[in-house]
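To start, the structure under review is shown below, and the notes come after it.
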There are 2 protein chains.
Amino acid sequence: MIIDRDNGVPYYIQLMELLRKQIAAGILQEGQRILSEVEMGKVYRINRHTVRQAIDELCRLGELYKIRGRGTFIAKALLDTVEYQLSAKNRFTENIKKIGATPSTKILQTNEIIAPEKVRKALDLDHDERVYFHYVQRSINERPFLIGQAFLPVKYFLNALPYLNVLESMSEFYAKYNINYERAKSTIQAVFPTKEEALLLDIPRNMPVLKVKKLMKSQTGIMIAYGISCYRSDVAELSISW
Amino acid sequence: MIIDRDNGVPYYIQLMELLRKQIAAGILQEGQRILSEVEMGKVYRINRHTVRQAIDELCRLGELYKIRGRGTFIAKALLDTVEYQLSAKNRFTENIKKIGATPSTKILQTNEIIAPEKVRKALDLDHDERVYFHYVQRSINERPFLIGQAFLPVKYFLNALPYLNVLESMSEFYAKYNINYERAKSTIQAVFPTKEEALLLDIPRNMPVLKVKKLMKSQTGIMIAYGISCYRSDVAELSISW
DNA sequence: ATCGATTTGTCCGTATGTATT
DNA sequence: AAATACATACGGACAAATCGA
């Protein structure tokens with residue numbers, strides 16, 4: 001494999017294709033370090049900056065990632081997409097088991113806070129009203145799939161912290177308080193992740209996420225919870241039925 | 001405004017922020033050409049390549065765009081997001097009028113084709129079965145919002161071409177054939193657009209789109225239509241209620 | 001239709017800074 | 001502390017696309 005000097009195709013494009021082929025062929029594997037910029041320049045007889053152009057582009061596409069001082073690495077291969085049913089009552093654990101995969105949940109944070117502006121508006125709370133904040137990372141086959149934040153007004157869920165700390169599913173939780181959350185409204189956007197979201201989902205900043213905001217109401221029309229979830233766009237295919 | 005040589009912030013980052021401020025302040029306006037790379041280098045006393053780094057990054061973020069031989073231009077300002085109700089029966093025109101904006105539809109193509117693989121599977125059609133293909137671009141206030149492809153089995157919609165060519169809304173169309181499409185299932189993904197999609201939506205290739213696939217069934221359970229729509233992720237916020 | 005000026009695209013070379021090992 | 005690796009920045013050169021004289 002060598003760079004063709006005369007075919008008019010830019011060297012960096014040729015190098016990109018070359019690296020891609022090596023990844024596809026399994027010569028370069030997930031997590032493996034590739035040659036340094038200088039080394040690769042020597043091997044293919046092109047300037048370091050030209051190598052950088054190719055590598056930068058592949059990083060942008062999420063196929064490589066760089067760590068300053070350490071090197072450039074092959075990004076994780078994509079998973080197959082998972083069709084994930086959104087509904088008024090969506091149970092992550094059940095949904096995933098149904099497709100024969102292994103779900104897991106890591107609780108990142110649970111505490112009681114003053115409702116932030118957006119939550120206050122969504123749930124129509126008074127100033128200074130308190131909510132429980134429940135922050136989880138959910139994975140499929142040990143690979144991060146979504147991160148979810150839930151905001152639950154304290155007034156409806158008294159002394160909930162102990163429960164939230166050991167919680168596996170939200171449905172279970174609502175059942176404890178005899179609350180029916182029959183109706184719900186969700187909005188879905190495609191956005192780029194924050195640094196924290198990218199970290200927790202193990203994706204590059206340039207890979208979009210599906211951001212789902214959900215408002216849940218009881219049968220009587222009281223807004224009882226607000227949630228914001230981020231799904232990995234390379235894995236999640238949200239599904240809705242009517 | 002000048003580049004600070006000593007604050008440790010990379011020059012190209014400083015230049016990015018500087019350009020952004022000028023855009024935000026309206027000094028640089030939509031579609032306007034900015035200084036050439038060489039000129040900008042002279043003005044801010046930095047190398048052309050450093051200028052390029054800043055400009056490339058802003059292009060990547062969709063704030064600028066370049067045309068070789070002509071120059072670099074300010075990208076179109078983003079619209080406010082539009083909350084767009086997805087439901088079994090979703091009427092674009094009505095939805096948009098409701099929020100006080102002006103909807104418009106451009107029919108890109110209508111014809112009769114042999115059902116492609118994916119459509120055949122989705123609609124459970126026989127080999128070589130024919131479908132009408134209906135391809136539209138829908139805009140809000142003259143700005144592209146979505147492009148939609150619909151596939152309708154010929155056997156359920158005889159002689160539909162004349163209707164499809166002058167169609168404003170799909171609901172109207174179904175009504176003509178006395179078909180109730182009560183039930184539906186949609187899936188939603190965030191993906192990067194193809195070149196054609198990016199062109200029709202007037203977005204850069206690096207801005208994700210919301211891809212919605214929709215399967216419609218009649219009351220009797222017959223699958224009567226399949227559709228694929230691409231929504232601009234910077235404008236569309238899909239909304240679902242239960 | 002041609003030519004020249006302008007502008008972005010590609011490529012090379014070198015030097016220095018910063019993070020990691 | 002030294003070596004290695006990526007990040008930033010400067011310089012120059014030529015190619016390719018565009019536009020106007």
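Identifiers for the structure tokens are assigned positionally: chains receive A, B, ... in sequence, residues are indexed from 1 per chain, and ligands are indexed from 1 in the order shown.
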I'd like a table as a Markdown table: residues in chain D with an atom no more than 12 Å from chain B, each row giving the shortest atom pair and its distance in Å to one decimal, only C-alpha atoms (C1' of nucleotides) counted, sorted by chain and rising residue number.
```
| residue | atom | partner | partner_atom | distance |
| --- | --- | --- | --- | --- |
| D:DA7 | C1' | B:Pro10 | CA | 9.5 |
| D:DT8 | C1' | B:Pro10 | CA | 7.0 |
| D:DA9 | C1' | B:Thr50 | CA | 6.9 |
| D:DC10 | C1' | B:Asn47 | CA | 6.4 |
| D:DG11 | C1' | B:Asn47 | CA | 8.6 |
| D:DG12 | C1' | B:Arg48 | CA | 11.4 |
| D:DA15 | C1' | B:Gly69 | CA | 11.6 |
| D:DA16 | C1' | B:Gly69 | CA | 8.1 |
| D:DA17 | C1' | B:Gly69 | CA | 4.6 |
| D:DT18 | C1' | B:Gly69 | CA | 4.6 |
| D:DC19 | C1' | B:Arg70 | CA | 8.1 |
```
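Since chain B and chain A are the same sequence, their C-alpha atoms pair in order, and the RMSD after least-squares superposition is 0.4 Å.
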field: Interface residues on chain C facing chain A, 10 Å, only C-alpha atoms (C1' of nucleotides), written as a ChimeraX atom specification
entry: /C:9-13,18-21
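Using only C-alpha atoms, we find that the part of chain A lying within 6 Å of chain B comprises Arg183, Ala184, Lys185, Ser186, Thr187, Ile188, Gln189, Ala190, Ser233, Glu237, Leu238, Ser239, Ile240, Ser241 and Trp242 of chain A.
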For this session: Apply DSSP to the structure's backbone, then extract all residues of range 41-143 of chain A labelled strand (DSSP E or B) and return them as a ChimeraX atom specification.
Result: /A:64-67,71-74,82-85,103-114,130-140,143
Per-residue DSSP, range 73-194 of chain A, filtered to helix (DSSP H, G or I), as number ranges by chain
A: 92-98, 117-123, 161-164, 170-176
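Here CA of Tyr163 in chain B and CA of Leu146 in chain B stand 21.3 Å from one another.
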*Near Asp126 in chain A, counting only C-alpha atoms (C1' of nucleotides), which residues have an atom at most 12 Å away, once you skip same-chain residues fewer than 5 positions from it, shown as a ChimeraX atom specification?*
/A:114-117,119-121,131,153,155
For Val43 in chain B: contacts at 12 Å, only C-alpha atoms (C1' of nucleotides), fewer than 6 positions along chain excluded, given as an mmCIF file with C-alpha atoms, in the first residue's frame:
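The resulting selection.cif:
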```cif
data_model
loop_
_atom_site.group_PDB
_atom_site.id
_atom_site.type_symbol
_atom_site.label_atom_id
_atom_site.label_comp_id
_atom_site.auth_asym_id
_atom_site.auth_seq_id
_atom_site.Cartn_x
_atom_site.Cartn_y
_atom_site.Cartn_z
ATOM 1 C CA MET B 1 -10.055 43.726 18.676
ATOM 2 C CA ILE B 2 -6.746 42.046 18.543
ATOM 3 C CA ILE B 3 -5.158 38.706 19.243
ATOM 4 C CA LEU B 15 -9.991 34.310 16.122
ATOM 5 C CA LEU B 35 -11.963 38.761 4.571
ATOM 6 C CA SER B 36 -9.860 36.319 2.582
ATOM 7 C CA GLU B 37 -7.469 34.121 4.493
ATOM 8 C CA VAL B 51 -6.552 31.708 10.105
#
```
_Spatial neighbours of Asn141 in chain A, 10 Å, only C-alpha atoms (C1' of nucleotides), chain gap at least 6 places, as a VMD selection string_ = chain A and resid 96 100 to 104
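Rounded to one decimal, CA of Thr105 in chain B and CA of Leu64 in chain B lie 27.4 Å from each other.
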